[in-house]
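Trainee: entry-v1.txt (compact mmCIF, C-alpha atoms) pasted underneath:
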```
# COMPACT_ATOMS: atom_id res chain seq x y z
CA MET F 1 0.00 0.00 0.00
CA LEU F 2 2.79 2.37 0.99
CA TRP F 3 4.71 1.37 -2.15
CA GLY F 4 1.65 2.16 -4.25
CA MET F 5 1.30 5.59 -2.67
CA LYS F 6 4.95 6.31 -3.29
CA MET F 7 4.63 5.27 -6.93
CA THR F 8 1.62 7.53 -7.36
CA ARG F 9 3.52 10.41 -5.82
CA ARG F 10 6.46 9.77 -8.15
CA ASN F 11 4.19 9.73 -11.17
CA THR F 12 2.65 12.99 -10.12
CA GLU F 13 6.03 14.58 -9.57
CA ASP F 14 7.24 13.27 -12.92
CA ASP F 15 4.18 14.67 -14.64
CA ASP F 16 4.68 18.02 -12.93
CA ALA F 17 8.32 18.07 -13.89
CA LEU F 18 7.52 17.21 -17.47
CA GLU F 19 4.84 19.88 -17.60
CA GLN F 20 7.39 22.41 -16.39
CA ILE F 21 9.73 21.37 -19.18
CA PHE F 22 6.92 21.75 -21.69
CA ALA F 23 5.98 25.15 -20.29
CA ASN F 24 9.56 26.28 -20.56
CA ALA F 25 9.74 25.08 -24.16
CA ARG F 26 6.47 26.82 -25.02
CA ALA F 27 7.78 30.03 -23.53
CA THR F 28 10.91 29.95 -25.67
CA PRO F 29 9.78 28.74 -29.11
CA PRO F 30 12.27 28.45 -31.97
CA ALA F 31 12.34 31.90 -33.56
CA VAL F 32 12.39 32.66 -37.26
CA GLY F 33 15.52 34.60 -38.24
CA SER F 34 15.04 37.92 -40.03
CA GLY F 35 17.00 36.79 -43.09
CA PHE F 36 14.93 33.65 -43.43
CA HIS F 37 11.73 35.66 -42.98
CA ALA F 38 12.80 38.04 -45.76
CA ARG F 39 13.54 35.11 -48.06
CA ILE F 40 10.06 33.70 -47.54
CA VAL F 41 8.43 37.09 -48.17
CA ALA F 42 10.40 37.32 -51.43
CA LEU F 43 9.31 33.79 -52.30
CA GLY F 44 5.71 34.78 -51.63
CA LEU F 45 5.98 37.82 -53.85
CA ALA F 46 7.55 35.79 -56.64
CA THR F 47 4.80 33.19 -56.40
CA GLN F 48 1.93 35.67 -56.05
CA PRO F 49 -0.54 35.98 -58.95
CA PRO F 50 -0.64 39.35 -60.78
CA GLN F 51 -2.11 42.25 -58.88
CA ALA F 52 -5.84 42.80 -59.17
CA MET F 53 -7.16 45.74 -61.18
CA ALA F 54 -9.19 48.52 -59.62
CA GLY F 55 -12.43 47.21 -58.23
CA GLY F 56 -10.85 43.98 -57.09
CA ARG F 57 -11.06 42.28 -60.47
CA VAL F 58 -8.11 40.32 -61.68
CA ALA F 59 -6.88 41.13 -65.18
CA PRO F 60 -8.35 38.53 -67.55
CA PRO F 61 -5.89 36.24 -69.27
CA LEU F 62 -4.97 37.11 -72.87
CA SER F 63 -6.81 35.26 -75.62
CA PHE F 64 -4.95 32.76 -77.76
CA TRP F 65 -5.04 35.03 -80.82
CA ARG F 66 -3.86 38.02 -78.84
CA GLU F 67 -0.92 36.05 -77.41
CA ALA F 68 -0.08 34.69 -80.89
CA ALA F 69 -0.15 38.18 -82.41
CA ILE F 70 2.21 39.45 -79.70
CA ALA F 71 4.53 36.50 -80.31
CA ILE F 72 4.99 37.36 -84.01
CA GLY F 73 5.43 41.08 -83.56
CA GLY F 74 2.01 42.54 -82.98
CA TRP F 75 -0.77 43.20 -85.48
CA TRP F 76 1.66 44.62 -88.07
CA GLY F 77 3.61 41.38 -87.94
CA ALA F 78 0.44 39.38 -88.22
CA GLY F 79 -0.64 41.42 -91.26
CA GLY F 80 2.68 40.88 -93.02
CA LEU F 81 2.62 37.20 -92.29
CA THR F 82 -0.92 36.93 -93.64
CA SER F 83 0.06 38.73 -96.87
CA ALA F 84 3.03 36.41 -97.35
CA MET F 85 0.82 33.41 -96.79
CA ALA F 86 -1.75 34.69 -99.31
CA LEU F 87 0.95 35.23 -101.92
CA GLY F 88 2.31 31.75 -101.31
CA VAL F 89 -1.13 30.26 -101.78
CA ALA F 90 -1.66 32.27 -104.99
CA ILE F 91 1.64 31.08 -106.45
CA GLY F 92 0.79 27.56 -105.50
CA LEU F 93 -2.57 27.75 -107.22
CA THR F 94 -1.33 29.33 -110.49
CA GLY F 95 1.61 26.93 -110.77
CA THR F 96 5.11 27.43 -112.20
CA VAL F 97 4.02 27.36 -115.94
CA GLU F 98 3.34 31.02 -115.69
CA LEU F 99 6.85 31.84 -114.47
CA PRO F 100 8.46 32.29 -118.05
CA ILE F 101 6.34 35.41 -118.29
CA VAL F 102 8.96 36.97 -116.08
CA ALA F 103 11.70 36.14 -118.70
CA PRO F 104 9.83 36.23 -122.00
CA ASN F 105 12.75 36.25 -124.50
CA ASP F 106 14.72 33.00 -124.32
CA GLY F 107 13.56 31.51 -121.07
CA PHE F 108 16.51 32.82 -119.11
CA LEU F 109 16.10 35.56 -116.63
CA ASP F 110 18.61 38.34 -117.31
CA LEU F 111 19.47 39.74 -113.94
CA MET F 112 21.93 42.45 -115.17
CA PRO F 113 21.05 43.34 -118.78
CA ALA F 114 22.67 46.80 -118.77
CA VAL F 115 26.09 45.42 -117.80
CA ASP F 116 26.23 42.99 -120.77
CA GLY F 117 25.63 45.85 -123.17
CA LEU F 118 28.20 48.00 -121.46
CA PHE F 119 31.03 45.46 -121.97
CA ALA F 120 30.01 44.80 -125.56
CA ASP F 121 30.10 48.47 -126.41
CA SER F 122 33.51 48.93 -124.80
CA ALA F 123 35.04 46.07 -126.89
CA GLU F 124 33.76 47.51 -130.15
CA GLU F 125 35.21 50.94 -129.42
CA LYS F 126 38.70 49.45 -129.01
CA MET M 1 -15.20 29.96 -30.22
CA ALA M 2 -16.27 33.24 -31.82
CA PHE M 3 -12.66 34.35 -31.74
CA ASP M 4 -11.61 31.14 -33.52
CA ALA M 5 -14.22 31.66 -36.24
CA GLU M 6 -13.07 35.23 -36.68
CA LYS M 7 -9.46 34.10 -36.91
CA ILE M 8 -10.30 31.38 -39.43
CA GLY M 9 -12.23 33.89 -41.51
CA ALA M 10 -9.31 36.30 -41.36
CA ASP M 11 -6.94 33.57 -42.54
CA VAL M 12 -9.14 32.73 -45.51
CA ARG M 13 -9.49 36.41 -46.40
CA LEU M 14 -5.74 36.75 -46.20
CA LEU M 15 -5.32 33.89 -48.67
CA ALA M 16 -7.94 35.40 -50.96
CA GLY M 17 -6.16 38.74 -50.82
CA TYR M 18 -2.89 37.09 -51.69
CA ALA M 19 -4.52 35.25 -54.60
CA ALA M 20 -5.92 38.57 -55.88
CA GLY M 21 -2.44 40.04 -55.86
CA ALA M 22 -3.04 42.41 -52.97
CA PRO M 23 0.07 44.28 -51.91
CA GLU M 24 1.42 43.29 -48.49
CA ALA M 25 -0.47 39.99 -48.57
CA ALA M 26 2.71 37.97 -49.06
CA ARG M 27 4.28 39.64 -46.03
CA GLN M 28 1.15 39.22 -43.92
CA LEU M 29 0.86 35.54 -44.84
CA THR M 30 4.51 35.04 -43.97
CA ASN M 31 4.12 36.87 -40.66
CA ARG M 32 1.11 34.80 -39.77
CA PHE M 33 2.14 31.31 -40.88
CA LEU M 34 5.91 31.04 -41.19
CA PRO M 35 6.45 30.92 -37.41
CA LEU M 36 3.96 28.06 -37.18
CA ALA M 37 5.66 25.98 -39.86
CA TYR M 38 9.16 26.74 -38.67
CA ARG M 39 8.36 26.11 -35.00
CA LEU M 40 6.89 22.71 -35.68
CA ALA M 41 9.71 21.73 -38.03
CA ALA M 42 12.39 22.88 -35.59
CA ARG M 43 10.79 20.97 -32.73
CA ILE M 44 10.37 17.80 -34.72
CA LEU M 45 13.69 17.85 -36.55
CA ALA M 46 15.85 19.62 -33.94
CA ASP M 47 17.94 21.01 -36.78
CA ARG M 48 17.74 24.67 -37.76
CA ALA M 49 18.81 24.29 -41.39
CA GLU M 50 16.51 21.37 -42.02
CA ALA M 51 13.67 23.17 -40.27
CA GLU M 52 14.15 26.17 -42.57
CA ASP M 53 14.10 23.93 -45.64
CA VAL M 54 10.89 22.29 -44.50
CA ALA M 55 9.22 25.56 -43.50
CA GLN M 56 10.15 27.11 -46.85
CA GLU M 57 8.66 24.20 -48.76
CA ALA M 58 5.51 24.30 -46.63
CA MET M 59 5.10 28.04 -47.24
CA LEU M 60 5.67 27.61 -50.95
CA ARG M 61 2.86 25.06 -51.01
CA LEU M 62 0.64 27.47 -49.13
CA PHE M 63 1.36 30.28 -51.60
CA ARG M 64 0.56 27.97 -54.48
CA ALA M 65 -2.59 26.67 -52.84
CA ALA M 66 -3.96 30.17 -52.18
CA PRO M 67 -5.66 30.80 -55.57
CA GLY M 68 -7.64 27.56 -55.36
CA TRP M 69 -8.41 27.74 -51.65
CA GLN M 70 -12.03 26.95 -50.82
CA PRO M 71 -13.41 28.68 -47.71
CA GLY M 72 -15.09 25.45 -46.59
CA GLN M 73 -12.00 23.31 -46.61
CA ALA M 74 -9.63 22.74 -43.68
CA GLN M 75 -8.44 25.60 -41.52
CA VAL M 76 -5.35 27.15 -42.98
CA SER M 77 -3.33 26.45 -39.85
CA THR M 78 -4.46 22.81 -39.72
CA TRP M 79 -3.58 22.39 -43.38
CA LEU M 80 -0.15 23.95 -42.87
CA TYR M 81 0.53 21.85 -39.76
CA ARG M 82 -0.31 18.74 -41.78
CA VAL M 83 1.90 19.70 -44.71
CA THR M 84 4.77 20.58 -42.38
CA ALA M 85 4.35 17.39 -40.38
CA ASN M 86 4.40 15.27 -43.53
CA LEU M 87 7.53 17.03 -44.77
CA CYS M 88 9.17 16.43 -41.39
CA THR M 89 8.23 12.76 -41.50
CA ASP M 90 9.85 12.45 -44.92
CA ARG M 91 13.02 14.03 -43.56
CA LEU M 92 13.13 11.81 -40.53
CA ARG M 93 12.78 8.71 -42.64
CA LYS M 94 15.70 9.74 -44.80
CA ARG M 95 17.94 10.21 -41.81
CA ARG M 96 20.37 7.54 -40.86
CA VAL M 97 19.05 5.54 -37.95
CA LEU M 98 21.47 5.71 -35.07
CA PRO M 99 22.11 2.56 -33.09
CA LEU M 100 20.84 3.04 -29.58
CA ASP M 101 24.35 2.84 -28.15
CA ASP M 102 25.32 5.90 -30.19
CA VAL M 103 22.49 8.04 -28.89
CA PRO M 104 23.66 10.39 -26.16
CA GLU M 105 22.24 10.00 -22.71
CA MET M 106 19.13 12.05 -22.22
CA ALA M 107 19.83 12.96 -18.67
CA ASP M 108 22.40 12.39 -16.04
CA GLY M 109 21.23 9.37 -14.15
CA GLN M 110 22.44 10.86 -10.90
CA ARG M 111 20.32 13.99 -11.14
CA SER M 112 16.80 14.46 -9.91
CA VAL M 113 13.91 15.82 -11.94
CA ALA M 114 14.21 19.10 -10.08
CA GLU M 115 17.86 19.33 -10.98
CA VAL M 116 17.10 18.52 -14.58
CA LEU M 117 14.58 21.37 -14.56
CA MET M 118 17.19 23.69 -13.14
CA ALA M 119 19.75 22.81 -15.76
CA ALA M 120 20.47 25.47 -18.36
CA ASP M 121 20.29 23.00 -21.20
CA ARG M 122 16.89 21.60 -20.44
CA GLN M 123 15.60 22.79 -23.77
CA ALA M 124 18.30 20.85 -25.54
CA ALA M 125 17.59 17.87 -23.31
CA LEU M 126 13.96 17.99 -24.31
CA GLU M 127 14.89 18.11 -27.99
CA ARG M 128 17.16 15.12 -27.58
CA ALA M 129 14.51 13.27 -25.63
CA LEU M 130 11.94 14.00 -28.31
CA GLY M 131 14.41 12.60 -30.81
CA HIS M 132 14.14 9.26 -29.08
CA LEU M 133 10.43 8.97 -29.65
CA PRO M 134 8.90 7.20 -32.63
CA GLU M 135 7.81 9.72 -35.29
CA ARG M 136 4.08 9.59 -34.60
CA GLN M 137 4.49 9.87 -30.84
CA ARG M 138 6.89 12.76 -31.27
CA LEU M 139 4.51 14.61 -33.54
CA ALA M 140 1.56 14.03 -31.23
CA VAL M 141 3.46 15.18 -28.14
CA VAL M 142 4.82 18.28 -29.88
CA LEU M 143 1.42 19.26 -31.23
CA ARG M 144 -0.30 18.62 -27.91
CA HIS M 145 2.18 19.93 -25.37
CA LEU M 146 4.40 22.38 -27.24
CA GLU M 147 2.02 23.76 -29.85
CA GLY M 148 -0.84 23.55 -27.37
CA LEU M 149 -3.40 22.12 -29.79
CA ALA M 150 -6.51 20.23 -28.75
CA ASN M 151 -6.75 16.52 -29.54
CA PRO M 152 -9.49 16.92 -32.21
CA GLU M 153 -7.31 19.32 -34.18
CA ILE M 154 -4.31 17.01 -33.82
CA ALA M 155 -6.52 14.21 -35.10
CA ARG M 156 -7.33 16.27 -38.19
CA ILE M 157 -3.67 17.13 -38.74
CA MET M 158 -2.51 13.54 -38.36
CA GLU M 159 -5.60 12.17 -40.10
CA ILE M 160 -6.34 9.69 -37.34
CA GLY M 161 -9.01 9.37 -34.67
CA THR M 162 -9.04 11.34 -31.44
CA GLU M 163 -8.58 8.17 -29.40
CA ALA M 164 -5.49 7.33 -31.40
CA VAL M 165 -4.15 10.78 -30.63
CA GLU M 166 -4.76 10.28 -26.91
CA SER M 167 -2.94 6.97 -27.06
CA LEU M 168 0.02 8.41 -28.97
CA VAL M 169 0.32 11.35 -26.57
CA ALA M 170 0.12 9.11 -23.50
CA ARG M 171 2.74 6.70 -24.82
CA GLY M 172 4.87 9.56 -26.00
CA LYS M 173 4.83 11.26 -22.61
CA ARG M 174 5.66 8.02 -20.88
CA ASN M 175 8.63 7.43 -23.15
CA LEU M 176 9.67 11.03 -22.86
CA LYS M 177 9.75 10.84 -19.08
CA GLU M 178 11.87 7.74 -19.28
CA ALA M 179 14.24 9.40 -21.71
CA LEU M 180 14.48 12.63 -19.73
CA ILE M 181 14.74 11.27 -16.31
CA GLY M 182 16.57 8.05 -16.91
CA GLN M 183 16.23 5.34 -14.33
CA ARG M 184 13.42 5.85 -11.92
CA ASP M 185 15.70 5.05 -8.98
CA ALA M 186 17.99 7.89 -9.95
CA LEU M 187 15.32 10.54 -9.66
CA GLY M 188 16.34 11.52 -6.21
CA TYR M 189 13.12 10.35 -4.56
CA GLU M 190 13.70 8.80 -1.22
CA ASP M 191 12.05 5.53 -0.44
CA ASP M 192 10.52 6.39 2.89
```
Let's see the structure in the file written out as structure tokens.

Mentor:
Amino acid sequence: MLWGMKMTRRNTEDDDALEQIFANARATPPAVGSGFHARIVALGLATQPPQAMAGGRVAPPLSFWREAAIAIGGWWGAGGLTSAMALGVAIGLTGTVELPIVAPNDGFLDLMPAVDGLFADSAEEK
Amino acid sequence: MAFDAEKIGADVRLLAGYAAGAPEAARQLTNRFLPLAYRLAARILADRAEAEDVAQEAMLRLFRAAPGWQPGQAQVSTWLYRVTANLCTDRLRKRRVLPLDDVPEMADGQRSVAEVLMAADRQAALERALGHLPERQRLAVVLRHLEGLANPEIARIMEIGTEAVESLVARGKRNLKEALIGQRDALGYEDD
């Protein structure tokens, strides 16, 4: 009986002692360092979605076509690309048989006709 | 209870503000929740650098979760405790398991509980003693007695029943006492 009472008293004292240790630990919690805190704030800012517009609305995401136009240089770029595409389609449809029209004489395209004449004239003068 | 509801509502509004890109929201979220994540990680891992890594990862997950946060889901603090606890568990499992002989003594066997309490390094002794506990017991004891949470919240964090929490805490405390105090005969109690 006495042994049982002593054991109970020991348990109580142990519990009290442990509770004091816990209380001490609660009173001195591990503190966040200022540098670490600043890093997490920076991380939060880097992760944060774009700022809301006036009225609390968030800017709507760009449409696919708008993003595509920006990617190729804006609407001017898109216009130029469309013209080039249209020309390519036109050439494809008419075919290459029409190309000799560009060089109607003997089928060869004379890229520098004035120069040929210039040399010929110089030789005759000598 | 009203205060809790107000606090929970404030936390959710804070997340919503962050998701809407409100200035200062990142700082306010950090002020409010980083200490929680870091404190738990430091107490579980007993390693400052590892605790910072875990707290940073937990906060990053919170930032990313903010835009999709539903007001009806778990409390923000409960959610963050759970994420942090899981990250800590992962860390603990990756650590090398020390043979028991290599683990330093938790307390001088010749000292009484009162003397242990008077020792300047009792905080460190507690950390070492916590390190002896199995992961789940350690987490339950830290959440209950150091973070001061109620058993139902611990149950939600650990995703177990309240009775299981009670059991873990009781076993954890028992093991902790053994680890802190050493042999019962060396406590300094006199057998009268």

Trainee: Please provide as a PyMOL selection string all residues within 12 Å of M:Leu14, with the sequence filter that same-chain residues fewer than 4 positions apart are discarded (counting all atoms listed in the file).

Mentor: chain M and resi 7-10+18-33+62-63+66-67+69+71+76

Trainee: If I take atom CA of M:Ala55 and atom CA of M:Arg174, how far is one from the other in Å, to one decimal?

Mentor: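 Going from atom CA of M:Ala55 over to atom CA of M:Arg174, I get 28.8 Å.
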
Trainee: Determine the nearest neighbour of M:Leu34 from the options M:Gly72, M:Ala155, M:Arg61, M:Gly172, counting only C-alpha atoms.

Mentor: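 Using only C-alpha atoms, the shortest distance to M:Leu34 belongs to M:Arg61.
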
Trainee: Taking only C-alpha atoms into account, what are the residues of chain F at most 7 Å from chain M, put as a ChimeraX atom specification?

Mentor: /F:17-18,21-22,25-26,29-30,32,40-41,44-45,47-52,58

Trainee: Can you measure atom CA of M:Leu168 to atom CA of M:Leu139 for me? One decimal in Å is fine.

Mentor: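 Between these atoms lies a distance of 8.9 Å.
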
Trainee: I'd like the interatomic distance between atom CA of M:Thr89 and atom CA of M:Ile44, to a tenth of an Å.

Mentor: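 Calculated distance between atom CA of M:Thr89 and atom CA of M:Ile44 is 8.7 Å.
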
Trainee: Counting all atoms listed in the file, which of M:Arg171, M:Arg128, M:Lys94, M:Arg82 gets nearest to M:Glu153?

Mentor: M:Arg82
